[in-house]
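Asks: Sharing a structure, written as structure tokens. Questions coming.
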Amino acid sequence: MDRHGRVVLWVAVLASFVAFLDGSIVNVALPAIARGLGGGIVIQQWVLDGYLLSLGSLILVAGSLSDAFGRVRILRIGLLLFGVASLLCAAAPTGLFLVLARMLQGAAAALLVPSSLALITSAFNDQARSKAIGLWTAWTGTAFVAGPLLGGLLVDTASWRLVFAVNVLPIATTLFLLARLNDPRPPTTRPRVDLAGALLAAVGLAGPVFALIMQGSAGWGSQLVLAPLAGGLACFAAFIWWESRAPEPMMPLGLFRSRNFAIGNLSTAAIYAGISLGLFIIPVFLQEAGGLSAIAAGLATLPMTIMSLALSAYFGTLSGRFGPRLFMAAGPMIGAVGFLLMLSTSTPVDYWWQLLPGVVVFGLGLSITVAPLTSAVLGSITPAQAGIGSAINNAVARVAGLLSIASAGLIVGSVLDDGAFHRVLVATAALLIAGGVISALGIRNNRPPDAPPVPPEASAACLDRIVPGEASG
């Protein structure tokens, strides 16, 4: 690898690392944020969902923006916006200000990972590209381990505000390296960017999310809840209509004619709704009801992350040999058993006997699920469609997490006590079981043996599945 290639690789690694780190560092800071700014579980939901809302709405057009205006330019804009948004989050005087800054941060994050992988794809060829993406995957994966540890340490020893401010150093380093790179000559005809689709998707998601979060205080009969819910659903219906007619849609509906692509995304929605809900509530419960420190709450789910990083490739290999259906059915079921094992948890919390066994079993289930799911979805379409296919599947996972976190208040109620925690665990397990059943009944092991392999950059785009929920990019 020459000097230019090393600069490209480090830019891609650092840009994605920032996005992945932010996705794994914030959860442990949620109780501290609520104590500092007020708002209880509602502000905690919005801190996550504000980010996921803009990220999920824009990630499908990020690739088009990169192709139209240049990878280096879009990456630079994304880094600058992410840095500004991070500083705004760190300085937020109110909960509303923080949520708005998080929405800006999510919009910036949507530009980072797709542009990073596109930069590698354009700079390397064939075997060198696979090696570069392998290095990118290995280095960025460390963000999932470092995030909870660093987040807990900053919250316990200093302030939750540093969880956001810490992004500035790697962003400054990346911008310094990025100054050495230039975009190639722009194409003579720029691809269209589906801004109308992005706007309809954003409003279509924002309305139901706002209604789900606000119903706890306003009630379902309030116009404050009914109006955004109806308006959002109307916009989402308009989004589907527009995508079926747009000349260059950000979500080509024709891909869903493939059985495994359609069923795989339906399974994705159920599985990642459950995972996002479960991983949202665990660190919050451990701090607010269990009395654990932020760093202890961050360490609580670390075994799951390490297992996923270590075992996902192994189960991906087995899936390639035996087909994805068995793994996509069994993995979520095992994950559900992990959450059901946590039903023994009560205050005062004994982590080693009440939570750790469930976390380990869930980590095994997640490890079994992630790579086969990606393989089933991306293997059901042509390599030329793999980029948009991985973007759609990622968006489905993020939107599912967005809606499940917005629904947390419905399950928790007014007080996060042992009973509320148990209700969330049961709801999480039910969603995981639903995902497993959908996979068992719908997925087919029918990928031809001579089918071309899935491009490595498309599989790498799903790296943040290892720690689902808010993980970005």
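Naming works like this for the structure tokens: A, B, ... for the chains as they're shown, residue 1 at the start of each chain, ligands 1 onward in shown order.
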Excluding stretch 277-284 of chain A and its own-chain neighbours fewer than 4 positions away, which residues fall within 6 Å of it when counting only C-alpha atoms? Please give them as a list of chain:residue names.
Replies: A:Val28, A:Glu288, A:Ala297, A:Ser404, A:Ile405, A:Thr428
Asks: Skip A:Gln215 itself and residues of its chain fewer than 3 positions away, then list as a ChimeraX atom specification all residues within 10 Å of it, counting only C-alpha atoms.
Replies: /A:210-212,218-222,224-226,407,409-410
Asks: Which of stretch 222-443 of chain A counts as alpha helix (DSSP H) under DSSP, as a PyMOL selection string please?
Replies: chain A and resi 223-243+259-288+294-300+302-322+325-341+356-378+386-406+408-412+418-442
Asks: Tell me which of A:Ser64, A:Arg180, A:Ser267, A:Leu364 sits closest to A:Met251, counting only C-alpha atoms.
Replies: A:Ser64
Asks: Could you check the closest approach to A:Glu248 for each of A:Leu181, A:Ala430, A:Val193, A:Leu318 and tell me which residue wins, using only C-alpha atoms?
Replies: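 Closest to A:Glu248, using only C-alpha atoms: A:Val193.
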Asks: May I ask which of the residues A:Ala376, A:Leu21, A:Ile295, A:Ile33 is the closest one to A:Gly264, counting only C-alpha atoms?
Replies: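 Checking each candidate against A:Gly264, we get A:Ala376 as the closest.
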Asks: Please, what distance in Å, to one decimal, runs between atom CA of A:Leu154 and atom CA of A:Ile43?
Replies: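 Answer for the atom CA of A:Leu154 to atom CA of A:Ile43 separation: 20.0 Å.
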Asks: I'd like the interatomic distance between atom CA of A:Arg76 and atom CA of A:Leu14, to a tenth of an Å.
Replies: 12.2 Å
Asks: So that I can see what lies close to A:Ser24, please list as an MDAnalysis selection string the residues with an atom at most 7 Å from it, counting only C-alpha atoms and leaving out residues fewer than 2 positions away in the same chain.
Replies: chainID A and resid 20:22 26:27 144 147:148 471
Asks: What does the distance from atom CA of A:Leu135 to atom CA of A:Tyr314 come to in Å, to one decimal?
Replies: 17.4 Å
Asks: Can you tell me which residues surround A:Ala408 at a distance of at most 12 Å, considering only C-alpha atoms, apart from same-chain residues fewer than 3 positions away, and format the answer as a PyMOL selection string?
Replies: chain A and resi 41-42+44-46+48-49+209+212-216+273-274+276-281+284+401-405+411-416+420-421+423-425+427-428
Asks: Could you write those residues out with C-alpha atoms, as a short mmCIF file (atom, residue, chain, number, x, y, z; two decimals), in the first residue's frame?
Replies:
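Resulting contents of selection06.cif:
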```
data_model
loop_
_atom_site.label_atom_id
_atom_site.label_comp_id
_atom_site.auth_asym_id
_atom_site.auth_seq_id
_atom_site.Cartn_x
_atom_site.Cartn_y
_atom_site.Cartn_z
CA ILE A 41 -37.26 9.15 30.05
CA VAL A 42 -38.75 11.47 27.39
CA GLN A 44 -33.58 10.15 26.92
CA GLN A 45 -35.81 8.85 24.13
CA TRP A 46 -35.41 12.05 22.13
CA LEU A 48 -31.50 8.81 20.72
CA ASP A 49 -34.45 9.24 18.38
CA VAL A 209 -42.21 9.16 16.60
CA LEU A 212 -45.42 7.83 20.43
CA ILE A 213 -43.16 9.80 22.74
CA MET A 214 -45.66 12.54 23.62
CA GLN A 215 -48.68 10.29 24.23
CA GLY A 216 -47.33 9.49 27.69
CA ALA A 273 -36.65 -3.16 16.98
CA GLY A 274 -36.18 -5.66 19.79
CA SER A 276 -32.64 -1.42 20.10
CA LEU A 277 -35.36 -1.46 22.77
CA GLY A 278 -33.44 -3.88 24.97
CA LEU A 279 -30.09 -2.15 24.69
CA PHE A 280 -31.73 1.22 25.36
CA ILE A 281 -33.31 0.13 28.64
CA VAL A 284 -30.77 3.29 31.92
CA GLY A 401 -34.90 1.05 16.38
CA LEU A 402 -36.24 4.59 16.13
CA LEU A 403 -39.85 3.43 16.49
CA SER A 404 -39.17 0.89 19.23
CA ILE A 405 -37.31 3.44 21.39
CA ILE A 411 -44.20 -0.09 28.06
CA VAL A 412 -42.33 1.53 30.94
CA GLY A 413 -45.11 3.79 32.20
CA SER A 414 -44.43 6.55 34.69
CA VAL A 415 -41.77 4.79 36.80
CA LEU A 416 -38.81 2.68 35.69
CA ALA A 420 -41.31 -1.86 34.06
CA PHE A 421 -37.88 -3.34 33.28
CA ARG A 423 -42.10 -5.62 30.69
CA VAL A 424 -39.46 -4.20 28.35
CA LEU A 425 -37.49 -7.46 28.50
CA ALA A 427 -41.42 -7.04 24.70
CA THR A 428 -37.83 -7.30 23.46
#
```
Asks: For A:Ala395, work out the shell of residues within 8 Å, counting only C-alpha atoms and skipping chain neighbours fewer than 2 positions away, then give it as a list of chain:residue names.
Replies: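 Here the answer would be A:Gly56, A:Ser57, A:Ile59, A:Leu60, A:Ala391, A:Ile392, A:Asn393, A:Ala397, A:Arg398, A:Val399.
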Asks: Name the closest residue to A:Ile388 among the candidates A:Trp353, A:Leu255, A:Thr121, A:Ser312; distances are taken between atoms, counting only C-alpha atoms.
Replies: A:Leu255
Asks: Looking at A:Gly338, A:Gly39, A:Pro357, A:Pro372, which one is nearest to A:Thr317, with distances taken over only C-alpha atoms?
Replies: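 The answer is A:Pro372, which sits nearest to A:Thr317.
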Asks: Quick one: residues within 12 Å of A:Phe97, only C-alpha atoms counted, chain neighbours fewer than 4 positions away excluded, as number ranges by chain?
Replies: A: 37, 43, 46-47, 50, 85, 87-93, 101-104
Asks: Could the residues in this selection be written to a file with C-alpha atoms, as a PDB file, in the first residue's frame?
Replies:
```pdb
ATOM      1  CA  LEU A  37     -31.348  18.911  31.779  1.00  0.00           C
ATOM      2  CA  ILE A  43     -35.513  13.422  26.960  1.00  0.00           C
ATOM      3  CA  TRP A  46     -35.410  12.054  22.128  1.00  0.00           C
ATOM      4  CA  VAL A  47     -31.621  12.153  22.516  1.00  0.00           C
ATOM      5  CA  GLY A  50     -33.559  12.764  17.235  1.00  0.00           C
ATOM      6  CA  ALA A  85     -23.081  19.467  16.114  1.00  0.00           C
ATOM      7  CA  LEU A  87     -19.874  21.026  20.234  1.00  0.00           C
ATOM      8  CA  LEU A  88     -23.478  22.217  20.243  1.00  0.00           C
ATOM      9  CA  CYS A  89     -24.497  19.018  22.047  1.00  0.00           C
ATOM     10  CA  ALA A  90     -21.733  19.518  24.596  1.00  0.00           C
ATOM     11  CA  ALA A  91     -22.847  23.107  25.268  1.00  0.00           C
ATOM     12  CA  ALA A  92     -26.612  22.433  25.204  1.00  0.00           C
ATOM     13  CA  PRO A  93     -28.373  24.606  27.829  1.00  0.00           C
ATOM     14  CA  ALA A 101     -28.200  19.433  17.921  1.00  0.00           C
ATOM     15  CA  ARG A 102     -28.498  15.640  17.906  1.00  0.00           C
ATOM     16  CA  MET A 103     -30.662  15.827  14.777  1.00  0.00           C
ATOM     17  CA  LEU A 104     -27.915  17.839  13.079  1.00  0.00           C
TER      18      LEU A 104
END
```
